[in-house]
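Data file: upload_3.txt. Format and content: compact mmCIF, N, CA and C atoms.
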```txt
# COMPACT_ATOMS: atom_id res chain seq x y z
N MET H 1492 -3.34 9.49 -26.57
CA MET H 1492 -4.45 9.82 -25.71
C MET H 1492 -4.19 9.26 -24.30
N ALA H 1493 -4.24 10.11 -23.30
CA ALA H 1493 -4.01 9.68 -21.92
C ALA H 1493 -5.30 9.11 -21.33
N VAL H 1494 -5.15 8.06 -20.58
CA VAL H 1494 -6.27 7.42 -19.91
C VAL H 1494 -6.39 8.01 -18.51
N ASN H 1495 -7.62 8.36 -18.11
CA ASN H 1495 -7.84 8.86 -16.76
C ASN H 1495 -7.53 7.77 -15.74
N LYS H 1496 -6.87 8.15 -14.66
CA LYS H 1496 -6.56 7.19 -13.61
C LYS H 1496 -7.74 7.05 -12.67
N THR H 1497 -7.95 5.82 -12.23
CA THR H 1497 -9.03 5.49 -11.30
C THR H 1497 -8.42 4.74 -10.12
N SER H 1498 -9.28 4.15 -9.31
CA SER H 1498 -8.81 3.38 -8.17
C SER H 1498 -7.94 2.20 -8.59
N LEU H 1499 -8.03 1.79 -9.84
CA LEU H 1499 -7.16 0.71 -10.33
C LEU H 1499 -5.69 1.12 -10.26
N SER H 1500 -5.43 2.41 -10.22
CA SER H 1500 -4.06 2.94 -10.13
C SER H 1500 -3.63 3.26 -8.70
N ALA H 1501 -4.46 2.96 -7.73
CA ALA H 1501 -4.18 3.34 -6.34
C ALA H 1501 -2.87 2.78 -5.82
N GLY H 1502 -2.47 1.61 -6.25
CA GLY H 1502 -1.21 1.03 -5.80
C GLY H 1502 -0.03 1.91 -6.13
N LEU H 1503 -0.09 2.59 -7.27
CA LEU H 1503 0.99 3.50 -7.65
C LEU H 1503 1.12 4.64 -6.66
N LEU H 1504 -0.02 5.15 -6.19
CA LEU H 1504 0.00 6.23 -5.19
C LEU H 1504 0.49 5.70 -3.85
N ILE H 1505 0.05 4.52 -3.45
CA ILE H 1505 0.51 3.91 -2.20
C ILE H 1505 2.04 3.77 -2.24
N ARG H 1506 2.56 3.32 -3.36
CA ARG H 1506 4.02 3.16 -3.51
C ARG H 1506 4.72 4.51 -3.37
N GLU H 1507 4.19 5.55 -4.02
CA GLU H 1507 4.77 6.90 -3.90
C GLU H 1507 4.85 7.34 -2.44
N ILE H 1508 3.76 7.14 -1.72
CA ILE H 1508 3.69 7.56 -0.32
C ILE H 1508 4.74 6.83 0.50
N LEU H 1509 4.84 5.52 0.31
CA LEU H 1509 5.80 4.73 1.08
C LEU H 1509 7.24 5.11 0.74
N LEU H 1510 7.53 5.32 -0.53
CA LEU H 1510 8.88 5.71 -0.93
C LEU H 1510 9.27 7.08 -0.39
N ASP H 1511 8.29 7.98 -0.26
CA ASP H 1511 8.55 9.33 0.24
C ASP H 1511 8.64 9.40 1.77
N ASN H 1512 8.27 8.30 2.45
CA ASN H 1512 8.27 8.31 3.91
C ASN H 1512 9.65 7.97 4.46
N GLN H 1513 10.19 8.83 5.29
CA GLN H 1513 11.55 8.64 5.82
C GLN H 1513 11.68 7.39 6.68
N ASP H 1514 10.67 7.09 7.49
CA ASP H 1514 10.76 5.92 8.38
C ASP H 1514 10.74 4.62 7.58
N VAL H 1515 9.92 4.57 6.53
CA VAL H 1515 9.88 3.38 5.68
C VAL H 1515 11.18 3.27 4.91
N SER H 1516 11.60 4.35 4.27
CA SER H 1516 12.81 4.29 3.44
C SER H 1516 14.08 4.07 4.26
N ALA H 1517 14.05 4.35 5.56
CA ALA H 1517 15.19 4.04 6.42
C ALA H 1517 15.38 2.53 6.56
N ILE H 1518 14.29 1.78 6.37
CA ILE H 1518 14.35 0.32 6.46
C ILE H 1518 14.50 -0.31 5.08
N THR H 1519 13.70 0.17 4.11
CA THR H 1519 13.79 -0.35 2.74
C THR H 1519 13.20 0.63 1.75
N ASN H 1520 13.72 0.59 0.53
CA ASN H 1520 13.09 1.30 -0.58
C ASN H 1520 12.74 0.30 -1.69
N HIS H 1521 12.74 -0.98 -1.33
CA HIS H 1521 12.34 -2.04 -2.25
C HIS H 1521 10.84 -2.27 -2.07
N ILE H 1522 10.05 -1.67 -2.96
CA ILE H 1522 8.59 -1.73 -2.86
C ILE H 1522 8.06 -2.14 -4.23
N PHE H 1523 7.36 -3.29 -4.27
CA PHE H 1523 6.96 -3.89 -5.53
C PHE H 1523 5.47 -4.19 -5.58
N PRO H 1524 4.88 -4.12 -6.77
CA PRO H 1524 3.48 -4.53 -6.92
C PRO H 1524 3.36 -6.06 -7.00
N ILE H 1525 2.44 -6.60 -6.29
CA ILE H 1525 1.97 -7.98 -6.35
C ILE H 1525 3.02 -9.03 -5.97
N VAL H 1526 4.13 -9.13 -6.71
CA VAL H 1526 5.10 -10.20 -6.46
C VAL H 1526 6.47 -9.79 -7.00
N THR H 1527 7.49 -10.38 -6.43
CA THR H 1527 8.84 -10.19 -6.97
C THR H 1527 9.61 -11.48 -6.80
N ASP H 1528 10.48 -11.76 -7.72
CA ASP H 1528 11.30 -12.97 -7.66
C ASP H 1528 12.71 -12.70 -7.17
N LYS H 1529 13.15 -11.45 -7.24
CA LYS H 1529 14.55 -11.16 -6.98
C LYS H 1529 14.77 -10.01 -6.01
N ALA H 1530 14.02 -9.98 -4.95
CA ALA H 1530 14.19 -8.89 -3.99
C ALA H 1530 15.05 -9.36 -2.82
N ASP H 1531 15.93 -8.48 -2.38
CA ASP H 1531 16.68 -8.73 -1.17
C ASP H 1531 15.85 -8.25 0.01
N LEU H 1532 15.88 -8.99 1.09
CA LEU H 1532 15.17 -8.58 2.30
C LEU H 1532 15.87 -7.36 2.89
N PRO H 1533 15.12 -6.46 3.49
CA PRO H 1533 13.66 -6.38 3.58
C PRO H 1533 13.04 -5.77 2.32
N TYR H 1534 11.76 -6.09 2.10
CA TYR H 1534 11.02 -5.48 1.00
C TYR H 1534 9.54 -5.47 1.32
N ILE H 1535 8.81 -4.70 0.50
CA ILE H 1535 7.36 -4.56 0.66
C ILE H 1535 6.69 -4.92 -0.66
N LEU H 1536 5.62 -5.69 -0.56
CA LEU H 1536 4.74 -5.94 -1.70
C LEU H 1536 3.41 -5.26 -1.42
N TYR H 1537 2.76 -4.76 -2.47
CA TYR H 1537 1.43 -4.19 -2.32
C TYR H 1537 0.54 -4.74 -3.42
N LYS H 1538 -0.76 -4.88 -3.10
CA LYS H 1538 -1.71 -5.35 -4.10
C LYS H 1538 -3.12 -4.94 -3.71
N ARG H 1539 -3.92 -4.71 -4.72
CA ARG H 1539 -5.34 -4.43 -4.52
C ARG H 1539 -6.03 -5.77 -4.34
N SER H 1540 -6.76 -5.94 -3.23
CA SER H 1540 -7.43 -7.21 -2.97
C SER H 1540 -8.94 -7.11 -3.05
N GLY H 1541 -9.47 -5.93 -3.30
CA GLY H 1541 -10.90 -5.76 -3.45
C GLY H 1541 -11.23 -4.37 -3.93
N ILE H 1542 -12.42 -4.23 -4.53
CA ILE H 1542 -12.87 -2.93 -5.00
C ILE H 1542 -14.39 -2.85 -4.88
N SER H 1543 -14.86 -1.70 -4.46
CA SER H 1543 -16.30 -1.44 -4.38
C SER H 1543 -16.57 -0.12 -5.07
N HIS H 1544 -17.43 -0.14 -6.05
CA HIS H 1544 -17.73 1.04 -6.84
C HIS H 1544 -19.11 1.57 -6.45
N THR H 1545 -19.20 2.86 -6.17
CA THR H 1545 -20.46 3.48 -5.79
C THR H 1545 -20.73 4.69 -6.67
N CYS H 1546 -21.90 4.74 -7.27
CA CYS H 1546 -22.33 5.94 -8.00
C CYS H 1546 -23.02 6.85 -7.00
N ASN H 1547 -22.64 8.12 -7.01
CA ASN H 1547 -23.19 9.07 -6.07
C ASN H 1547 -23.62 10.32 -6.82
N LYS H 1548 -24.93 10.56 -6.87
CA LYS H 1548 -25.49 11.73 -7.53
C LYS H 1548 -25.01 11.86 -8.97
N GLY H 1549 -25.03 10.74 -9.67
CA GLY H 1549 -24.66 10.74 -11.08
C GLY H 1549 -23.17 10.68 -11.34
N ARG H 1550 -22.35 10.76 -10.29
CA ARG H 1550 -20.90 10.66 -10.44
C ARG H 1550 -20.47 9.24 -10.14
N SER H 1551 -19.53 8.76 -10.92
CA SER H 1551 -19.08 7.38 -10.73
C SER H 1551 -17.61 7.32 -10.33
N ASP H 1552 -17.16 8.32 -9.59
CA ASP H 1552 -15.75 8.36 -9.23
C ASP H 1552 -15.50 8.11 -7.75
N ASN H 1553 -16.42 7.43 -7.09
CA ASN H 1553 -16.28 7.14 -5.67
C ASN H 1553 -16.03 5.66 -5.47
N ASP H 1554 -14.77 5.27 -5.43
CA ASP H 1554 -14.40 3.88 -5.25
C ASP H 1554 -13.77 3.67 -3.89
N THR H 1555 -14.02 2.51 -3.32
CA THR H 1555 -13.34 2.07 -2.10
C THR H 1555 -12.62 0.78 -2.45
N ILE H 1556 -11.35 0.72 -2.12
CA ILE H 1556 -10.59 -0.49 -2.40
C ILE H 1556 -9.97 -1.03 -1.12
N GLN H 1557 -9.67 -2.29 -1.15
CA GLN H 1557 -8.88 -2.93 -0.11
C GLN H 1557 -7.47 -3.06 -0.68
N MET H 1558 -6.49 -2.52 0.03
CA MET H 1558 -5.10 -2.58 -0.41
C MET H 1558 -4.31 -3.34 0.64
N ASP H 1559 -3.66 -4.42 0.22
CA ASP H 1559 -2.79 -5.19 1.10
C ASP H 1559 -1.37 -4.68 0.93
N VAL H 1560 -0.72 -4.42 2.05
CA VAL H 1560 0.69 -4.02 2.05
C VAL H 1560 1.40 -5.06 2.93
N ILE H 1561 2.34 -5.80 2.33
CA ILE H 1561 2.95 -6.94 2.99
C ILE H 1561 4.44 -6.68 3.14
N CYS H 1562 4.92 -6.75 4.38
CA CYS H 1562 6.31 -6.47 4.71
C CYS H 1562 7.05 -7.79 4.93
N PHE H 1563 8.19 -7.95 4.27
CA PHE H 1563 9.02 -9.14 4.40
C PHE H 1563 10.39 -8.74 4.93
N THR H 1564 10.85 -9.43 5.99
CA THR H 1564 12.14 -9.11 6.61
C THR H 1564 12.83 -10.38 7.10
N THR H 1565 14.09 -10.23 7.54
CA THR H 1565 14.84 -11.38 8.03
C THR H 1565 14.57 -11.70 9.49
N THR H 1566 14.15 -10.71 10.28
CA THR H 1566 13.87 -10.97 11.70
C THR H 1566 12.45 -10.53 12.04
N TYR H 1567 11.92 -11.13 13.08
CA TYR H 1567 10.58 -10.77 13.53
C TYR H 1567 10.53 -9.30 13.98
N ALA H 1568 11.53 -8.89 14.75
CA ALA H 1568 11.55 -7.51 15.25
C ALA H 1568 11.57 -6.52 14.10
N GLU H 1569 12.36 -6.79 13.07
CA GLU H 1569 12.40 -5.89 11.92
C GLU H 1569 11.06 -5.87 11.19
N SER H 1570 10.37 -7.01 11.15
CA SER H 1570 9.05 -7.04 10.50
C SER H 1570 8.07 -6.14 11.23
N ILE H 1571 8.13 -6.13 12.55
CA ILE H 1571 7.28 -5.25 13.34
C ILE H 1571 7.65 -3.79 13.08
N ASP H 1572 8.95 -3.48 13.08
CA ASP H 1572 9.39 -2.10 12.83
C ASP H 1572 8.91 -1.61 11.46
N LEU H 1573 9.05 -2.45 10.44
CA LEU H 1573 8.64 -2.05 9.10
C LEU H 1573 7.12 -1.89 9.03
N ALA H 1574 6.38 -2.81 9.65
CA ALA H 1574 4.92 -2.70 9.66
C ALA H 1574 4.46 -1.43 10.39
N GLU H 1575 5.13 -1.10 11.48
CA GLU H 1575 4.79 0.13 12.21
C GLU H 1575 5.06 1.36 11.35
N ALA H 1576 6.17 1.35 10.61
CA ALA H 1576 6.50 2.48 9.73
C ALA H 1576 5.47 2.61 8.61
N VAL H 1577 5.07 1.48 8.03
CA VAL H 1577 4.05 1.49 6.97
C VAL H 1577 2.73 2.00 7.52
N ARG H 1578 2.34 1.52 8.69
CA ARG H 1578 1.09 1.98 9.28
C ARG H 1578 1.12 3.49 9.52
N ALA H 1579 2.22 3.98 10.08
CA ALA H 1579 2.33 5.42 10.34
C ALA H 1579 2.29 6.23 9.04
N ALA H 1580 2.83 5.67 7.97
CA ALA H 1580 2.85 6.38 6.68
C ALA H 1580 1.48 6.43 6.03
N LEU H 1581 0.65 5.41 6.25
CA LEU H 1581 -0.61 5.30 5.50
C LEU H 1581 -1.89 5.52 6.31
N ASP H 1582 -1.89 5.12 7.56
CA ASP H 1582 -3.13 5.11 8.34
C ASP H 1582 -3.63 6.53 8.60
N GLY H 1583 -4.85 6.81 8.14
CA GLY H 1583 -5.50 8.09 8.39
C GLY H 1583 -5.09 9.24 7.49
N ILE H 1584 -4.42 8.95 6.38
CA ILE H 1584 -3.90 10.04 5.55
C ILE H 1584 -4.83 10.37 4.37
N GLU H 1585 -4.60 11.54 3.82
CA GLU H 1585 -5.13 11.96 2.52
C GLU H 1585 -3.92 12.31 1.69
N ALA H 1586 -3.99 12.10 0.37
CA ALA H 1586 -2.83 12.39 -0.48
C ALA H 1586 -3.26 12.59 -1.92
N VAL H 1587 -2.37 13.22 -2.69
CA VAL H 1587 -2.55 13.39 -4.13
C VAL H 1587 -1.27 12.88 -4.78
N SER H 1588 -1.42 12.17 -5.89
CA SER H 1588 -0.25 11.64 -6.58
C SER H 1588 0.66 12.77 -7.06
N ASN H 1589 1.92 12.46 -7.24
CA ASN H 1589 2.90 13.48 -7.68
C ASN H 1589 2.47 14.15 -8.98
N ASP H 1590 1.83 13.40 -9.88
CA ASP H 1590 1.40 13.99 -11.15
C ASP H 1590 -0.02 14.56 -11.07
N LYS H 1591 -0.60 14.59 -9.86
CA LYS H 1591 -1.93 15.19 -9.59
C LYS H 1591 -3.09 14.45 -10.28
N SER H 1592 -2.86 13.24 -10.73
CA SER H 1592 -3.89 12.52 -11.47
C SER H 1592 -4.79 11.65 -10.59
N LEU H 1593 -4.43 11.49 -9.32
CA LEU H 1593 -5.18 10.60 -8.44
C LEU H 1593 -5.23 11.19 -7.04
N ARG H 1594 -6.42 11.16 -6.43
CA ARG H 1594 -6.60 11.71 -5.08
C ARG H 1594 -7.05 10.60 -4.14
N LEU H 1595 -6.29 10.40 -3.08
CA LEU H 1595 -6.64 9.46 -2.03
C LEU H 1595 -7.39 10.26 -0.96
N ARG H 1596 -8.68 9.98 -0.80
CA ARG H 1596 -9.50 10.73 0.15
C ARG H 1596 -9.33 10.24 1.57
N SER H 1597 -9.10 8.93 1.74
CA SER H 1597 -8.83 8.39 3.07
C SER H 1597 -8.17 7.03 2.94
N CYS H 1598 -7.43 6.67 3.98
CA CYS H 1598 -6.72 5.40 4.02
C CYS H 1598 -6.70 4.96 5.47
N ASN H 1599 -7.35 3.84 5.77
CA ASN H 1599 -7.46 3.40 7.15
C ASN H 1599 -7.15 1.92 7.28
N LEU H 1600 -6.35 1.59 8.28
CA LEU H 1600 -6.03 0.21 8.56
C LEU H 1600 -7.28 -0.52 9.03
N VAL H 1601 -7.58 -1.66 8.40
CA VAL H 1601 -8.78 -2.41 8.77
C VAL H 1601 -8.48 -3.85 9.18
N ASP H 1602 -7.26 -4.34 8.89
CA ASP H 1602 -6.94 -5.72 9.24
C ASP H 1602 -5.44 -5.92 9.18
N GLY H 1603 -4.98 -6.97 9.79
CA GLY H 1603 -3.57 -7.30 9.75
C GLY H 1603 -3.34 -8.73 10.19
N SER H 1604 -2.26 -9.31 9.70
CA SER H 1604 -1.87 -10.65 10.11
C SER H 1604 -0.36 -10.77 9.99
N GLU H 1605 0.19 -11.84 10.54
CA GLU H 1605 1.62 -12.06 10.44
C GLU H 1605 1.88 -13.52 10.14
N GLY H 1606 3.09 -13.80 9.66
CA GLY H 1606 3.41 -15.17 9.35
C GLY H 1606 4.84 -15.32 8.86
N TRP H 1607 5.09 -16.46 8.25
CA TRP H 1607 6.40 -16.82 7.72
C TRP H 1607 6.18 -17.29 6.30
N GLN H 1608 6.89 -16.72 5.35
CA GLN H 1608 6.72 -17.09 3.94
C GLN H 1608 8.03 -16.86 3.21
N ASP H 1609 8.40 -17.79 2.36
CA ASP H 1609 9.60 -17.66 1.53
C ASP H 1609 10.84 -17.30 2.36
N ASP H 1610 11.01 -18.00 3.49
CA ASP H 1610 12.17 -17.78 4.37
C ASP H 1610 12.25 -16.36 4.92
N ALA H 1611 11.10 -15.76 5.17
CA ALA H 1611 11.07 -14.40 5.70
C ALA H 1611 9.89 -14.24 6.66
N TYR H 1612 10.08 -13.37 7.63
CA TYR H 1612 8.96 -12.96 8.49
C TYR H 1612 8.09 -12.02 7.68
N MET H 1613 6.79 -12.11 7.89
CA MET H 1613 5.84 -11.35 7.08
C MET H 1613 4.81 -10.67 7.98
N GLN H 1614 4.58 -9.40 7.72
CA GLN H 1614 3.50 -8.64 8.35
C GLN H 1614 2.61 -8.14 7.23
N SER H 1615 1.35 -8.53 7.25
CA SER H 1615 0.40 -8.13 6.21
C SER H 1615 -0.60 -7.15 6.81
N LEU H 1616 -0.69 -5.97 6.20
CA LEU H 1616 -1.62 -4.93 6.65
C LEU H 1616 -2.62 -4.66 5.53
N THR H 1617 -3.89 -4.60 5.88
CA THR H 1617 -4.93 -4.30 4.90
C THR H 1617 -5.53 -2.94 5.22
N PHE H 1618 -5.53 -2.08 4.21
CA PHE H 1618 -6.07 -0.74 4.34
C PHE H 1618 -7.30 -0.58 3.46
N GLU H 1619 -8.30 0.13 3.99
CA GLU H 1619 -9.45 0.55 3.18
C GLU H 1619 -9.11 1.92 2.64
N VAL H 1620 -9.10 2.03 1.31
CA VAL H 1620 -8.67 3.24 0.64
C VAL H 1620 -9.81 3.80 -0.20
N LYS H 1621 -10.12 5.06 0.01
CA LYS H 1621 -11.14 5.73 -0.79
C LYS H 1621 -10.43 6.63 -1.80
N ILE H 1622 -10.79 6.44 -3.07
CA ILE H 1622 -10.15 7.15 -4.18
C ILE H 1622 -11.16 8.01 -4.88
N GLN H 1623 -10.70 9.17 -5.33
CA GLN H 1623 -11.56 10.03 -6.14
C GLN H 1623 -10.75 10.54 -7.31
```
Would you write out, as structure tokens, the structure that this file holds?
Amino acid sequence: MAVNKTSLSAGLLIREILLDNQDVSAITNHIFPIVTDKADLPYILYKRSGISHTCNKGRSDNDTIQMDVICFTTTYAESIDLAEAVRAALDGIEAVSNDKSLRLRSCNLVDGSEGWQDDAYMQSLTFEVKIQ
């Protein structure tokens, strides 16, 4: 029995979009959920950091999530380039998963920060994602 996909699966769609994007894949195709112990720089981590569920006219398929996409690189300039590529790939888009099981209605950049972590430059982008 197949389980219907919901916003809990949104990270899988975000990963598909990033892997399919030429500008992102020109820098890296190492894209992992939540954490990785053995990635070579550069790489991207993604994670769901929040979820808001809204029932609308008896339908319960209108979720909004916060998705963090974190870019790790060896140089500051490369971190900016990767973050710009991620933003261009995700900001303002609509998409459907390759298997047609999940629809991203909107994806908008709402926050960002930068830093240094695990001997790498880090750019963290937070997107508000609406899933149906």
Selection: 12 Å around stretch 1502-1516 of chain H, only C-alpha atoms, excl. self and same-chain fewer than 4 positions, as a count of residues only | 57
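If you look at atom CA of H:Gly1583 and atom N of H:Val1601, they are 10.0 Å away from each other.
For the pair atom CA of H:Ser1543 and atom CA of H:Gly1603, the interatomic distance is 19.9 Å.
The closest residue to H:Thr1564, picked from H:Leu1532, H:Thr1527, H:Val1494, H:Ala1517 and counting only N, CA and C atoms, is H:Leu1532.
Atom C of H:Ser1615 lies 9.3 Å from atom CA of H:Leu1600.
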Mind checking which residues fall within 6.5 Å of H:Ala1611, counting all atoms listed in the file, ignoring those fewer than 4 positions away in the same chain, and posting them as an NGL selection string?
-> :H and (1563-1565 or 1606-1607)
Step one, run DSSP on the backbone; step two, keep only residues of chain H assigned to strand (DSSP E or B); then write them as a compact mmCIF listing (two decimals) with N, CA and C atoms, keeping the file's coordinate frame.
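Dumped everything to part.txt:
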```
# COMPACT_ATOMS: atom_id res chain seq x y z
N ILE H 1522 10.05 -1.67 -2.96
CA ILE H 1522 8.59 -1.73 -2.86
C ILE H 1522 8.06 -2.14 -4.23
N PHE H 1523 7.36 -3.29 -4.27
CA PHE H 1523 6.96 -3.89 -5.53
C PHE H 1523 5.47 -4.19 -5.58
N PRO H 1524 4.88 -4.12 -6.77
CA PRO H 1524 3.48 -4.53 -6.92
C PRO H 1524 3.36 -6.06 -7.00
N TYR H 1534 11.76 -6.09 2.10
CA TYR H 1534 11.02 -5.48 1.00
C TYR H 1534 9.54 -5.47 1.32
N ILE H 1535 8.81 -4.70 0.50
CA ILE H 1535 7.36 -4.56 0.66
C ILE H 1535 6.69 -4.92 -0.66
N LEU H 1536 5.62 -5.69 -0.56
CA LEU H 1536 4.74 -5.94 -1.70
C LEU H 1536 3.41 -5.26 -1.42
N TYR H 1537 2.76 -4.76 -2.47
CA TYR H 1537 1.43 -4.19 -2.32
C TYR H 1537 0.54 -4.74 -3.42
N LYS H 1538 -0.76 -4.88 -3.10
CA LYS H 1538 -1.71 -5.35 -4.10
C LYS H 1538 -3.12 -4.94 -3.71
N ARG H 1539 -3.92 -4.71 -4.72
CA ARG H 1539 -5.34 -4.43 -4.52
C ARG H 1539 -6.03 -5.77 -4.34
N SER H 1540 -6.76 -5.94 -3.23
CA SER H 1540 -7.43 -7.21 -2.97
C SER H 1540 -8.94 -7.11 -3.05
N GLY H 1541 -9.47 -5.93 -3.30
CA GLY H 1541 -10.90 -5.76 -3.45
C GLY H 1541 -11.23 -4.37 -3.93
N ILE H 1542 -12.42 -4.23 -4.53
CA ILE H 1542 -12.87 -2.93 -5.00
C ILE H 1542 -14.39 -2.85 -4.88
N SER H 1543 -14.86 -1.70 -4.46
CA SER H 1543 -16.30 -1.44 -4.38
C SER H 1543 -16.57 -0.12 -5.07
N HIS H 1544 -17.43 -0.14 -6.05
CA HIS H 1544 -17.73 1.04 -6.84
C HIS H 1544 -19.11 1.57 -6.45
N THR H 1545 -19.20 2.86 -6.17
CA THR H 1545 -20.46 3.48 -5.79
C THR H 1545 -20.73 4.69 -6.67
N CYS H 1546 -21.90 4.74 -7.27
CA CYS H 1546 -22.33 5.94 -8.00
C CYS H 1546 -23.02 6.85 -7.00
N ASN H 1547 -22.64 8.12 -7.01
CA ASN H 1547 -23.19 9.07 -6.07
C ASN H 1547 -23.62 10.32 -6.82
N ARG H 1550 -22.35 10.76 -10.29
CA ARG H 1550 -20.90 10.66 -10.44
C ARG H 1550 -20.47 9.24 -10.14
N SER H 1551 -19.53 8.76 -10.92
CA SER H 1551 -19.08 7.38 -10.73
C SER H 1551 -17.61 7.32 -10.33
N ASP H 1552 -17.16 8.32 -9.59
CA ASP H 1552 -15.75 8.36 -9.23
C ASP H 1552 -15.50 8.11 -7.75
N ASN H 1553 -16.42 7.43 -7.09
CA ASN H 1553 -16.28 7.14 -5.67
C ASN H 1553 -16.03 5.66 -5.47
N ASP H 1554 -14.77 5.27 -5.43
CA ASP H 1554 -14.40 3.88 -5.25
C ASP H 1554 -13.77 3.67 -3.89
N THR H 1555 -14.02 2.51 -3.32
CA THR H 1555 -13.34 2.07 -2.10
C THR H 1555 -12.62 0.78 -2.45
N ILE H 1556 -11.35 0.72 -2.12
CA ILE H 1556 -10.59 -0.49 -2.40
C ILE H 1556 -9.97 -1.03 -1.12
N GLN H 1557 -9.67 -2.29 -1.15
CA GLN H 1557 -8.88 -2.93 -0.11
C GLN H 1557 -7.47 -3.06 -0.68
N MET H 1558 -6.49 -2.52 0.03
CA MET H 1558 -5.10 -2.58 -0.41
C MET H 1558 -4.31 -3.34 0.64
N ASP H 1559 -3.66 -4.42 0.22
CA ASP H 1559 -2.79 -5.19 1.10
C ASP H 1559 -1.37 -4.68 0.93
N VAL H 1560 -0.72 -4.42 2.05
CA VAL H 1560 0.69 -4.02 2.05
C VAL H 1560 1.40 -5.06 2.93
N ILE H 1561 2.34 -5.80 2.33
CA ILE H 1561 2.95 -6.94 2.99
C ILE H 1561 4.44 -6.68 3.14
N CYS H 1562 4.92 -6.75 4.38
CA CYS H 1562 6.31 -6.47 4.71
C CYS H 1562 7.05 -7.79 4.93
N PHE H 1563 8.19 -7.95 4.27
CA PHE H 1563 9.02 -9.14 4.40
C PHE H 1563 10.39 -8.74 4.93
N THR H 1564 10.85 -9.43 5.99
CA THR H 1564 12.14 -9.11 6.61
C THR H 1564 12.83 -10.38 7.10
N ALA H 1586 -3.99 12.10 0.37
CA ALA H 1586 -2.83 12.39 -0.48
C ALA H 1586 -3.26 12.59 -1.92
N VAL H 1587 -2.37 13.22 -2.69
CA VAL H 1587 -2.55 13.39 -4.13
C VAL H 1587 -1.27 12.88 -4.78
N ARG H 1594 -6.42 11.16 -6.43
CA ARG H 1594 -6.60 11.71 -5.08
C ARG H 1594 -7.05 10.60 -4.14
N LEU H 1595 -6.29 10.40 -3.08
CA LEU H 1595 -6.64 9.46 -2.03
C LEU H 1595 -7.39 10.26 -0.96
N ARG H 1596 -8.68 9.98 -0.80
CA ARG H 1596 -9.50 10.73 0.15
C ARG H 1596 -9.33 10.24 1.57
N SER H 1597 -9.10 8.93 1.74
CA SER H 1597 -8.83 8.39 3.07
C SER H 1597 -8.17 7.03 2.94
N CYS H 1598 -7.43 6.67 3.98
CA CYS H 1598 -6.72 5.40 4.02
C CYS H 1598 -6.70 4.96 5.47
N ASN H 1599 -7.35 3.84 5.77
CA ASN H 1599 -7.46 3.40 7.15
C ASN H 1599 -7.15 1.92 7.28
N LEU H 1600 -6.35 1.59 8.28
CA LEU H 1600 -6.03 0.21 8.56
C LEU H 1600 -7.28 -0.52 9.03
N VAL H 1601 -7.58 -1.66 8.40
CA VAL H 1601 -8.78 -2.41 8.77
C VAL H 1601 -8.48 -3.85 9.18
N ASP H 1602 -7.26 -4.34 8.89
CA ASP H 1602 -6.94 -5.72 9.24
C ASP H 1602 -5.44 -5.92 9.18
N GLY H 1603 -4.98 -6.97 9.79
CA GLY H 1603 -3.57 -7.30 9.75
C GLY H 1603 -3.34 -8.73 10.19
N SER H 1604 -2.26 -9.31 9.70
CA SER H 1604 -1.87 -10.65 10.11
C SER H 1604 -0.36 -10.77 9.99
N GLU H 1605 0.19 -11.84 10.54
CA GLU H 1605 1.62 -12.06 10.44
C GLU H 1605 1.88 -13.52 10.14
N GLY H 1606 3.09 -13.80 9.66
CA GLY H 1606 3.41 -15.17 9.35
C GLY H 1606 4.84 -15.32 8.86
N TRP H 1607 5.09 -16.46 8.25
CA TRP H 1607 6.40 -16.82 7.72
C TRP H 1607 6.18 -17.29 6.30
N GLN H 1608 6.89 -16.72 5.35
CA GLN H 1608 6.72 -17.09 3.94
C GLN H 1608 8.03 -16.86 3.21
N ALA H 1611 11.10 -15.76 5.17
CA ALA H 1611 11.07 -14.40 5.70
C ALA H 1611 9.89 -14.24 6.66
N TYR H 1612 10.08 -13.37 7.63
CA TYR H 1612 8.96 -12.96 8.49
C TYR H 1612 8.09 -12.02 7.68
N MET H 1613 6.79 -12.11 7.89
CA MET H 1613 5.84 -11.35 7.08
C MET H 1613 4.81 -10.67 7.98
N GLN H 1614 4.58 -9.40 7.72
CA GLN H 1614 3.50 -8.64 8.35
C GLN H 1614 2.61 -8.14 7.23
N SER H 1615 1.35 -8.53 7.25
CA SER H 1615 0.40 -8.13 6.21
C SER H 1615 -0.60 -7.15 6.81
N LEU H 1616 -0.69 -5.97 6.20
CA LEU H 1616 -1.62 -4.93 6.65
C LEU H 1616 -2.62 -4.66 5.53
N THR H 1617 -3.89 -4.60 5.88
CA THR H 1617 -4.93 -4.30 4.90
C THR H 1617 -5.53 -2.94 5.22
N PHE H 1618 -5.53 -2.08 4.21
CA PHE H 1618 -6.07 -0.74 4.34
C PHE H 1618 -7.30 -0.58 3.46
N GLU H 1619 -8.30 0.13 3.99
CA GLU H 1619 -9.45 0.55 3.18
C GLU H 1619 -9.11 1.92 2.64
N VAL H 1620 -9.10 2.03 1.31
CA VAL H 1620 -8.67 3.24 0.64
C VAL H 1620 -9.81 3.80 -0.20
N LYS H 1621 -10.12 5.06 0.01
CA LYS H 1621 -11.14 5.73 -0.79
C LYS H 1621 -10.43 6.63 -1.80
N ILE H 1622 -10.79 6.44 -3.07
CA ILE H 1622 -10.15 7.15 -4.18
C ILE H 1622 -11.16 8.01 -4.88
```
For H:Ile1542, which residue out of H:Ala1530, H:Gln1623, H:Leu1499, H:Thr1555 is the nearest one, using only N, CA and C atoms?
-> H:Thr1555
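In this comparison, which uses only C-alpha atoms, the residue of H:Thr1566, H:Ile1561, H:Asn1495, H:Asp1602 approaching H:Gln1614 most closely is H:Ile1561.
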What box, with edges along x, y and z, holds each listed atom of stretch 1562-1565 of chain H when 3 Å is added on every side, and can you state its centre and edge lengths in Å to one decimal, as AutoDock Vina command-line options?
```
--center_x 9.9 --center_y -9.1 --center_z 6.9 --size_x 15.9 --size_y 11.2 --size_z 11.2
```
